[in-house]
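This report concerns only the one structure given below.
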Amino acid sequence: MDSIKIKDKCFSISIKSEEIQKEVTRVAEEINRDFEGKNPLFLSVLNGAFMFTSDLMKQITIPCEISFVKLASYQGVLSSGHIKEVFGLTEDITDRVIVIVEDIVDTGLTMQRLLESLGTRSPREIHIASLLLKPDKLQVSLDVKYVAMRIPNDFIVGYGLDYDGFGRNYPHIYTIVND
Ligand code: IMP
């Protein structure tokens with residue numbers, strides 16, 4: 001499908017599945033190289049990162065653990081700016097090497113909030129692996145060490161990302177048309 005409609009919005013395909021897989025493989029290889037012997041704990045941020053996490057983790061070959069957190073801050077096509085609490089983290093992360101697995105860093109406020117929250121629990125290191133980064137939207141200083149793809153400011157859906165809850169299921173990424 002080259003274009004899709006979700007509610008009142010039209011989207012056209014912008015990053016095909018094959019291209020996404022290629023970049024996810026590259027990130028997996030970088031992580032395998034950098035975290036050898038560090039027994040990292042991957043923290044996947046639900047819901048958006050579920051598909052990226054699944055494809056990424058299938059290619060992680062070093063000993064590691066995976067857990068999931070939830071931290072919703074987005075409604076519709078504009079960031080609400082209302083950052084909710086982190087929940088779902090039951091592991092003791094004291095002295096652990098953490099790799100956050102996120103779908104997209106947009107303004108960066110969500111990630112900043114998550115880093116603050118995790119930082120109070122005495123981890124040894126925290127690193128960020130994001131499927132997507134919108135560099136021109138970033139409002140805070142963040143070191144996003146692993147980025148699969150950098151994209152323009154347009155709103156996107158697919159491969160885990162949603163518009164009002166819909167569109168997460170597509171294997172490709174679609175960009176909004178005529179917003
Ligand atoms: P931030 O706090 O502005 O960086 O927003 C991060 C969160 O907003 C992401 O984890 C996504 O859930 C959501 N988000 C940001 N941009 C988009 C987009 O283009 N499409 C769908 N969700 C987005």
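Residue numbers start at 1 in each chain; chains themselves are named A, B, ... in the order of the structure tokens; ligands are numbered from 1 in the order shown.
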Go through the chains and note each residue within 6 Å of ligand 1, using only C-alpha atoms and all ligand atoms, then give the set as a list in words.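 The neighbouring residues of ligand 1 are, in order, Gly48, Tyr74, Ser79, Asp103, Ile104, Val105, Asp106, Thr107, Gly108, Leu109, Thr110, Phe155, Ile156, Val157, Leu161 and Asp162 of chain A.
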Writing out the chosen residues with C-alpha atoms as a CSV table (one decimal), in the first residue's frame:
```
chain,number,residue,atom,x,y,z
A,48,GLY,CA,5.5,2.9,20.1
A,74,TYR,CA,1.3,12.3,23.0
A,79,SER,CA,2.9,16.8,21.5
A,103,ASP,CA,10.4,4.7,18.7
A,104,ILE,CA,11.1,8.4,18.1
A,105,VAL,CA,12.8,11.4,19.7
A,106,ASP,CA,10.8,14.4,18.7
A,107,THR,CA,11.1,17.4,21.1
A,108,GLY,CA,13.1,15.1,23.4
A,109,LEU,CA,11.0,16.0,26.5
A,110,THR,CA,9.7,12.4,26.9
A,155,PHE,CA,4.2,13.6,11.4
A,156,ILE,CA,4.5,9.9,10.6
A,157,VAL,CA,2.8,6.6,11.4
A,161,LEU,CA,4.0,4.7,15.6
A,162,ASP,CA,0.4,5.8,15.7
```
When you look at Lys16 (chain A) with a cut-off of 7 Å (counting only C-alpha atoms), what residues show up, excluding the ones that are within fewer than 4 positions of it in the same chain? I need them as a list in words.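 The residues satisfying every condition are Ile20, His172 and Ile173 of chain A.
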Atoms to include: N, CA, C and O atoms. Write the selected residues as a PDB file, in the first residue's frame.
```
ATOM      1  N   ILE A  20      14.009   0.194   6.496  1.00  0.00           N
ATOM      2  CA  ILE A  20      13.978   0.184   7.967  1.00  0.00           C
ATOM      3  C   ILE A  20      14.821  -0.976   8.484  1.00  0.00           C
ATOM      4  O   ILE A  20      15.676  -0.810   9.364  1.00  0.00           O
ATOM      5  N   HIS A 172       5.743  -0.508   7.057  1.00  0.00           N
ATOM      6  CA  HIS A 172       6.433   0.658   6.489  1.00  0.00           C
ATOM      7  C   HIS A 172       6.139   1.895   7.347  1.00  0.00           C
ATOM      8  O   HIS A 172       5.247   1.880   8.187  1.00  0.00           O
ATOM      9  N   ILE A 173       6.887   2.990   7.075  1.00  0.00           N
ATOM     10  CA  ILE A 173       6.597   4.275   7.718  1.00  0.00           C
ATOM     11  C   ILE A 173       5.939   5.186   6.689  1.00  0.00           C
ATOM     12  O   ILE A 173       6.371   5.258   5.529  1.00  0.00           O
TER      13      ILE A 173
END
```
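What separates CA of Gly88 (chain A) from CA of Val69 (chain A) is a distance of 4.9 Å.
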List the neighbours of Phe87 (chain A) out to 12 Å using only C-alpha atoms; skip same-chain residues closer than 3 positions along the sequence, and give me the result as a PyMOL selection string. chain A and resi 43-46+67-72+84+90-91+114+117-118
Pull all heavy atoms from the residues just selected and write them as a compact mmCIF listing (two decimals), in the first residue's frame.
```txt
# COMPACT_ATOMS: atom_id res chain seq x y z
N LEU A 43 15.56 -1.38 27.91
CA LEU A 43 14.26 -0.92 28.40
C LEU A 43 13.48 -0.37 27.22
O LEU A 43 13.76 0.73 26.71
CB LEU A 43 14.43 0.17 29.45
CG LEU A 43 14.80 -0.26 30.86
CD1 LEU A 43 14.79 0.96 31.77
CD2 LEU A 43 13.84 -1.31 31.40
N SER A 44 12.51 -1.12 26.77
CA SER A 44 11.70 -0.72 25.62
C SER A 44 10.54 0.16 26.08
O SER A 44 9.85 -0.16 27.04
CB SER A 44 11.17 -1.99 24.94
OG SER A 44 10.22 -1.66 23.96
N VAL A 45 10.35 1.27 25.38
CA VAL A 45 9.30 2.22 25.77
C VAL A 45 8.02 1.91 24.97
O VAL A 45 7.96 2.12 23.75
CB VAL A 45 9.74 3.68 25.54
CG1 VAL A 45 8.69 4.65 26.07
CG2 VAL A 45 11.09 3.95 26.20
N LEU A 46 7.03 1.41 25.68
CA LEU A 46 5.75 1.07 25.04
C LEU A 46 4.88 2.31 24.89
O LEU A 46 5.03 3.24 25.66
CB LEU A 46 5.01 0.03 25.90
CG LEU A 46 5.72 -1.33 26.00
CD1 LEU A 46 4.98 -2.24 26.98
CD2 LEU A 46 5.82 -2.01 24.63
N SER A 67 13.27 -5.44 29.30
CA SER A 67 12.06 -5.13 30.06
C SER A 67 11.33 -3.97 29.37
O SER A 67 11.84 -3.43 28.39
CB SER A 67 12.42 -4.79 31.50
OG SER A 67 11.25 -4.78 32.28
N PHE A 68 10.17 -3.64 29.87
CA PHE A 68 9.32 -2.67 29.19
C PHE A 68 8.82 -1.61 30.17
O PHE A 68 8.49 -1.92 31.31
CB PHE A 68 8.12 -3.38 28.55
CG PHE A 68 8.54 -4.40 27.53
CD1 PHE A 68 8.86 -5.69 27.91
CD2 PHE A 68 8.67 -4.05 26.19
CE1 PHE A 68 9.29 -6.63 26.98
CE2 PHE A 68 9.10 -4.98 25.25
CZ PHE A 68 9.42 -6.27 25.65
N VAL A 69 8.78 -0.37 29.71
CA VAL A 69 8.19 0.70 30.52
C VAL A 69 7.15 1.43 29.67
O VAL A 69 7.15 1.32 28.44
CB VAL A 69 9.24 1.72 31.03
CG1 VAL A 69 10.20 1.08 32.00
CG2 VAL A 69 9.99 2.36 29.88
N LYS A 70 6.31 2.17 30.36
CA LYS A 70 5.31 2.94 29.64
C LYS A 70 5.37 4.38 30.13
O LYS A 70 5.55 4.63 31.32
CB LYS A 70 3.92 2.34 29.89
CG LYS A 70 2.93 2.71 28.85
CD LYS A 70 1.82 1.69 28.72
CE LYS A 70 0.92 2.14 27.60
NZ LYS A 70 -0.11 1.17 27.27
N LEU A 71 5.23 5.32 29.22
CA LEU A 71 5.36 6.73 29.56
C LEU A 71 4.72 7.51 28.42
O LEU A 71 5.40 7.91 27.49
CB LEU A 71 6.86 7.05 29.67
CG LEU A 71 7.35 8.28 30.39
CD1 LEU A 71 8.77 8.06 30.89
CD2 LEU A 71 7.29 9.49 29.52
N ALA A 72 3.43 7.69 28.49
CA ALA A 72 2.72 8.30 27.38
C ALA A 72 2.67 9.82 27.52
O ALA A 72 2.47 10.34 28.59
CB ALA A 72 1.31 7.74 27.30
N LYS A 84 3.64 12.28 31.34
CA LYS A 84 3.11 11.43 32.41
C LYS A 84 4.22 10.67 33.12
O LYS A 84 5.36 10.68 32.70
CB LYS A 84 2.10 10.46 31.81
CG LYS A 84 0.86 11.15 31.28
CD LYS A 84 -0.12 10.11 30.76
CE LYS A 84 -1.28 10.82 30.07
NZ LYS A 84 -1.99 9.93 29.17
N THR A 90 9.97 -2.80 37.12
CA THR A 90 10.02 -3.57 38.38
C THR A 90 11.44 -4.02 38.71
O THR A 90 11.72 -4.40 39.83
CB THR A 90 9.09 -4.81 38.28
OG1 THR A 90 9.41 -5.50 37.07
CG2 THR A 90 7.63 -4.41 38.28
N GLU A 91 12.34 -3.98 37.69
CA GLU A 91 13.72 -4.43 37.90
C GLU A 91 14.49 -3.45 38.78
O GLU A 91 14.25 -2.25 38.74
CB GLU A 91 14.49 -4.51 36.56
CG GLU A 91 14.23 -5.76 35.78
CD GLU A 91 12.90 -5.71 35.06
OE1 GLU A 91 12.27 -4.63 35.06
OE2 GLU A 91 12.49 -6.74 34.52
N LEU A 114 12.24 10.48 31.11
CA LEU A 114 12.60 9.09 31.39
C LEU A 114 14.02 9.02 31.98
O LEU A 114 14.26 8.29 32.95
CB LEU A 114 12.50 8.26 30.10
CG LEU A 114 12.78 6.77 30.21
CD1 LEU A 114 11.90 6.09 31.26
CD2 LEU A 114 12.55 6.10 28.85
N SER A 117 13.95 10.09 35.58
CA SER A 117 13.35 9.07 36.44
C SER A 117 14.30 7.91 36.67
O SER A 117 14.50 7.46 37.80
CB SER A 117 12.04 8.58 35.80
OG SER A 117 11.53 7.51 36.54
N LEU A 118 14.94 7.43 35.59
CA LEU A 118 15.88 6.30 35.72
C LEU A 118 17.12 6.72 36.50
O LEU A 118 17.68 5.93 37.26
CB LEU A 118 16.29 5.77 34.34
CG LEU A 118 15.17 5.17 33.49
CD1 LEU A 118 15.72 4.74 32.13
CD2 LEU A 118 14.50 4.00 34.19
```
Can you check which parts of region 21-127 of chain A lie within 7 Å of region 144-152 of chain A? Per residue, the shortest pair of atoms and distance in Å to one decimal, counting only C-alpha atoms, sorted by chain and number, as CSV.
```
residue,atom,partner,partner_atom,distance
A:Glu23,CA,A:Ala148,CA,5.1
A:Val24,CA,A:Ala148,CA,5.8
A:Val27,CA,A:Ala148,CA,6.2
A:His127,CA,A:Lys145,CA,6.7
```
Where does DSSP see strand (DSSP E or B) in region 6-83 of chain A, if you list the residues as number ranges by chain? A: 6, 9-15, 41-46, 65-70, 74-75, 78-79
